[in-house]
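Asks: Take a look at the following structure, please.
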Amino acid sequence: MLWNAFLLAMRELQRNAMRSFLTILGIVIGVAAVIIMVTVGSGATLQVTQQVASLGSNLLMIRTGQRMGPGQGVGVAPFRLADAQAIARDVGSLAGVAASAARNVTAIAGNESWSTQASGVDDQFFIVRNWPVGSGRPFLDSELRAGKAVCVIGATVRNKLFGAADPLGGSLRLGKIACEVIGVLEAKGQSTMGTDQDDLVLLPLRTFQRRISGNQDVQLIQVSVQEGASTQKVQSDIERLLRERRHITGSKEDDFNVMDMKEITRMLTGTTEILTALLGAVAAVSLLVGGIGIMNIMLVSVTERTREIGIRLAIGAIEREVLTQFLVEAVVLTSFGGVVGIALALGGSRLLTLYLNVPYVINPGIIVVAFLFSAAVGVIFGYFPARKAAGLDPIEALRHE
């Protein structure tokens, strides 16, 4: 019986091809919109997670001041190298501690110049940030201790100043200091905040302090926590140690902040997931609108085919068969719309992720849910017209013109 109902439904849909196409358009748009929104949202969430992870494993970032942003640390005593050394010595479960300071400079190589950031770092920087040198080598202990004029550059600086030429062994001028390029960092791309992580020049911290900044200030201390260790406990230990070293007592607020990148990751991914859910819910409304359109068209179809229904009932068809026929027609419409919507969504989400430069993450679950939801829309909104058709009086239906 179902197969016969399916054949009758297909014949009816082919007979009114244009009307059938316009009817399922709402379902097509709804299914495609839901899948595209969820796919792009999942890609954005993955990108945020990857970008934060690229900063380093189990990373804590310590700055002066009580907040992040403009004016951070103004009027507050800066850190010293001894603070980083004290953290490495007195706090347990650490994989590395890196002190650094930075300043914007103009880098010059040959006839090329580029405005970038010069950062003074120690030997722990490459470990803490999980950032290997792609070509060349990192700093030697002797170079760090003596404050030699050597540097490791990011991929962006290499491209801007050296192009396709090999920068290793070349000379780079940063203000009044000329340094030898000994290495090029592996490319990391943009950070979560949209800044170019590869646009930097690394120098030994002592070199930076003596030749560029002219002071002993440390602007940032980055701490990598061992795998399996509690970052919350390490953060608490660091805060307690720094309060002692900075003579902060009682209820006085800290003049520094310790930021856990895991918390930042959870916050950002949570935000993107909520936005994805909201966008998916908004897109799902179009499925309901499409369902209402199908119910409207099926009611019109029942009115147009009243005499046909009367003939079928008069020659022996039972109400259940008429109900099944119209219900199958509605489900076929929505299911076909769901298939077309899925096909459009896969292609559209691929193009959109390429345009937005986010990972293309297919979620099979949302595809199945969207298809089943479209079929359910056909059952729910197709039932009432089908029930009306099955409940027609055969004699009254035969009189209908």
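Lettering and numbering for the structure tokens are positional, with chains as A, B, ... in the shown order, residues counted from 1 in each chain, and ligands counted from 1 in the shown order.
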Can you check which parts of segment 157-252 of chain A lie within 12 Å of segment 101-117 of chain A? Per residue, the shortest pair of atoms and distance in Å to one decimal, counting only C-alpha atoms, sorted by chain and number, as a Markdown table.

Replies:
```
| residue | atom | partner | partner_atom | distance |
| --- | --- | --- | --- | --- |
| A:Val157 | CA | A:Trp114 | CA | 7.4 |
| A:Arg158 | CA | A:Ala109 | CA | 9.8 |
| A:Asn159 | CA | A:Trp114 | CA | 10.2 |
| A:Lys160 | CA | A:Trp114 | CA | 6.8 |
| A:Leu161 | CA | A:Glu112 | CA | 5.4 |
| A:Phe162 | CA | A:Ala109 | CA | 7.4 |
| A:Gly163 | CA | A:Glu112 | CA | 9.8 |
| A:Ala165 | CA | A:Ala109 | CA | 11.6 |
| A:Pro167 | CA | A:Ala109 | CA | 9.5 |
| A:Gly169 | CA | A:Ala109 | CA | 12.0 |
| A:Gly170 | CA | A:Ala109 | CA | 8.3 |
| A:Ser171 | CA | A:Ala109 | CA | 6.6 |
| A:Leu172 | CA | A:Ala109 | CA | 5.1 |
| A:Arg173 | CA | A:Ile108 | CA | 5.0 |
| A:Leu174 | CA | A:Ala107 | CA | 4.9 |
| A:Gly175 | CA | A:Thr106 | CA | 6.5 |
| A:Lys176 | CA | A:Thr106 | CA | 10.3 |
| A:Ile177 | CA | A:Ala107 | CA | 9.9 |
| A:Ala178 | CA | A:Ile108 | CA | 9.2 |
| A:Cys179 | CA | A:Ala109 | CA | 10.3 |
| A:Glu180 | CA | A:Ala109 | CA | 10.7 |
| A:Val181 | CA | A:Ala109 | CA | 10.5 |
| A:Thr195 | CA | A:Gln117 | CA | 11.7 |
| A:Asp196 | CA | A:Thr116 | CA | 10.2 |
| A:Gln197 | CA | A:Gln117 | CA | 10.1 |
| A:Asp198 | CA | A:Thr116 | CA | 9.7 |
| A:Asp199 | CA | A:Thr116 | CA | 6.0 |
| A:Leu200 | CA | A:Gln117 | CA | 4.8 |
| A:Val201 | CA | A:Gln117 | CA | 6.2 |
| A:Leu202 | CA | A:Gln117 | CA | 8.6 |
| A:Leu203 | CA | A:Ala102 | CA | 9.8 |
| A:Pro204 | CA | A:Ala101 | CA | 10.2 |
| A:Leu205 | CA | A:Ala101 | CA | 7.4 |
| A:Arg206 | CA | A:Ala101 | CA | 10.2 |
| A:Thr207 | CA | A:Ala101 | CA | 11.0 |
| A:Phe208 | CA | A:Ala101 | CA | 7.9 |
| A:Gln209 | CA | A:Ala101 | CA | 8.2 |
| A:Arg210 | CA | A:Ala101 | CA | 11.9 |
| A:Arg211 | CA | A:Arg103 | CA | 11.8 |
| A:Ile212 | CA | A:Arg103 | CA | 8.2 |
| A:Ser213 | CA | A:Arg103 | CA | 7.6 |
| A:Gly214 | CA | A:Arg103 | CA | 11.4 |
| A:Asn215 | CA | A:Ala101 | CA | 10.2 |
| A:Gln216 | CA | A:Ala101 | CA | 9.2 |
| A:Asp217 | CA | A:Ala101 | CA | 7.1 |
| A:Val218 | CA | A:Ala101 | CA | 5.2 |
| A:Gln219 | CA | A:Ala101 | CA | 4.9 |
| A:Leu220 | CA | A:Ala101 | CA | 6.3 |
| A:Ile221 | CA | A:Ala101 | CA | 8.9 |
| A:Gln222 | CA | A:Ala101 | CA | 11.1 |
```

Asks: Which residues in segment 40-151 of chain A does DSSP call strand (DSSP E or B)? List them as a PyMOL selection string.

Replies: chain A and resi 59-64+79+94-109+112-121+133-136+150-151

Asks: Using the selection just defined, write its residues with C-alpha atoms as a short mmCIF file (atom, residue, chain, number, x, y, z; two decimals), in the first residue's frame.

Replies:
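Below is the file that was written, again.cif:
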```
data_model
loop_
_atom_site.label_atom_id
_atom_site.label_comp_id
_atom_site.auth_asym_id
_atom_site.auth_seq_id
_atom_site.Cartn_x
_atom_site.Cartn_y
_atom_site.Cartn_z
CA LEU A 59 49.97 28.43 29.43
CA LEU A 60 49.71 31.08 32.14
CA MET A 61 50.49 34.68 31.20
CA ILE A 62 51.50 37.12 33.96
CA ARG A 63 51.39 40.89 33.47
CA THR A 64 51.50 43.88 35.75
CA PHE A 79 58.60 42.76 36.86
CA LEU A 94 56.20 23.80 35.82
CA ALA A 95 57.47 22.85 32.38
CA GLY A 96 59.10 26.23 31.79
CA VAL A 97 59.12 29.92 32.70
CA ALA A 98 59.90 32.61 30.10
CA ALA A 99 60.46 36.29 30.81
CA SER A 100 60.13 38.79 27.97
CA ALA A 101 59.89 42.46 27.07
CA ALA A 102 58.83 44.02 23.78
CA ARG A 103 58.85 47.28 21.86
CA ASN A 104 57.73 48.38 18.41
CA VAL A 105 60.67 49.09 16.11
CA THR A 106 61.50 49.55 12.45
CA ALA A 107 63.53 46.67 11.04
CA ILE A 108 65.80 47.38 8.07
CA ALA A 109 67.53 44.86 5.81
CA GLU A 112 63.74 47.07 2.70
CA SER A 113 62.17 48.26 5.95
CA TRP A 114 59.26 46.99 8.02
CA SER A 115 57.58 48.13 11.23
CA THR A 116 57.48 45.19 13.60
CA GLN A 117 57.84 44.18 17.24
CA ALA A 118 61.20 43.41 18.81
CA SER A 119 60.99 41.05 21.79
CA GLY A 120 63.71 40.22 24.27
CA VAL A 121 63.38 36.61 25.41
CA VAL A 133 62.75 27.35 14.99
CA GLY A 134 61.92 26.24 11.46
CA SER A 135 65.33 26.99 9.95
CA GLY A 136 68.58 27.98 11.58
CA VAL A 150 71.81 37.98 17.24
CA CYS A 151 68.14 37.52 16.38
#
```

Asks: What's the 9 Å shell around Ile87 of chain A, counting only C-alpha atoms, without same-chain residues fewer than 6 positions away, as a list of chain:residue names?

Replies: A:Val97, A:Val223, A:Asp237, A:Ile238, A:Leu241, A:Leu242

Asks: Any idea what's packed within 10 Å of Ala370 of chain A, counting only C-alpha atoms, ignoring anything in its chain fewer than 5 positions away? Could you give it as an NGL selection string?

Replies: :A and (27 or 30-35 or 284 or 287 or 338-339 or 341-342 or 364-365 or 375-376)

Asks: Taking only segment 42-255 of chain A into account, list the residues labelled alpha helix (DSSP H) by DSSP (computed from the backbone), as a PyMOL selection string.

Replies: chain A and resi 42-54+81-90+125-128+141-146+155-161+205-208+231-245

Asks: For atom CA of Gly348 of chain A and atom CA of Val48 of chain A, quote the distance in Å rounded to one decimal.

Replies: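 If I compute the distance from atom CA of Gly348 of chain A to atom CA of Val48 of chain A, I get 21.7 Å.
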
Asks: Please identify all polymer residues within 6 Å of Thr45 of chain A, counting only C-alpha atoms, omitting same-chain residues fewer than 2 positions from it, and present them as number ranges by chain.

Replies: A: 42-43, 47-48, 269, 272

Asks: For the selection just defined, write its residues with C-alpha atoms to a file, as a CSV table (one decimal), in the first residue's frame.

Replies:
```
chain,number,residue,atom,x,y,z
A,42,SER,CA,31.9,24.5,14.4
A,43,GLY,CA,34.7,25.6,12.2
A,47,GLN,CA,39.8,27.7,14.9
A,48,VAL,CA,39.6,29.5,18.3
A,269,THR,CA,34.6,28.4,22.6
A,272,THR,CA,31.0,30.6,19.7
```

Asks: How far is it from atom CA of Arg387 of chain A to atom CA of Val28 of chain A, in Å with one decimal?

Replies: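 Straight-line distance from atom CA of Arg387 of chain A to atom CA of Val28 of chain A works out to 25.4 Å.
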
Asks: Determine the nearest neighbour of Ile127 of chain A from the options A:Val328, A:Ile367, A:Val225, A:Leu25, counting only C-alpha atoms.

Replies: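 Among the listed residues, A:Val225 lies closest to Ile127 of chain A.
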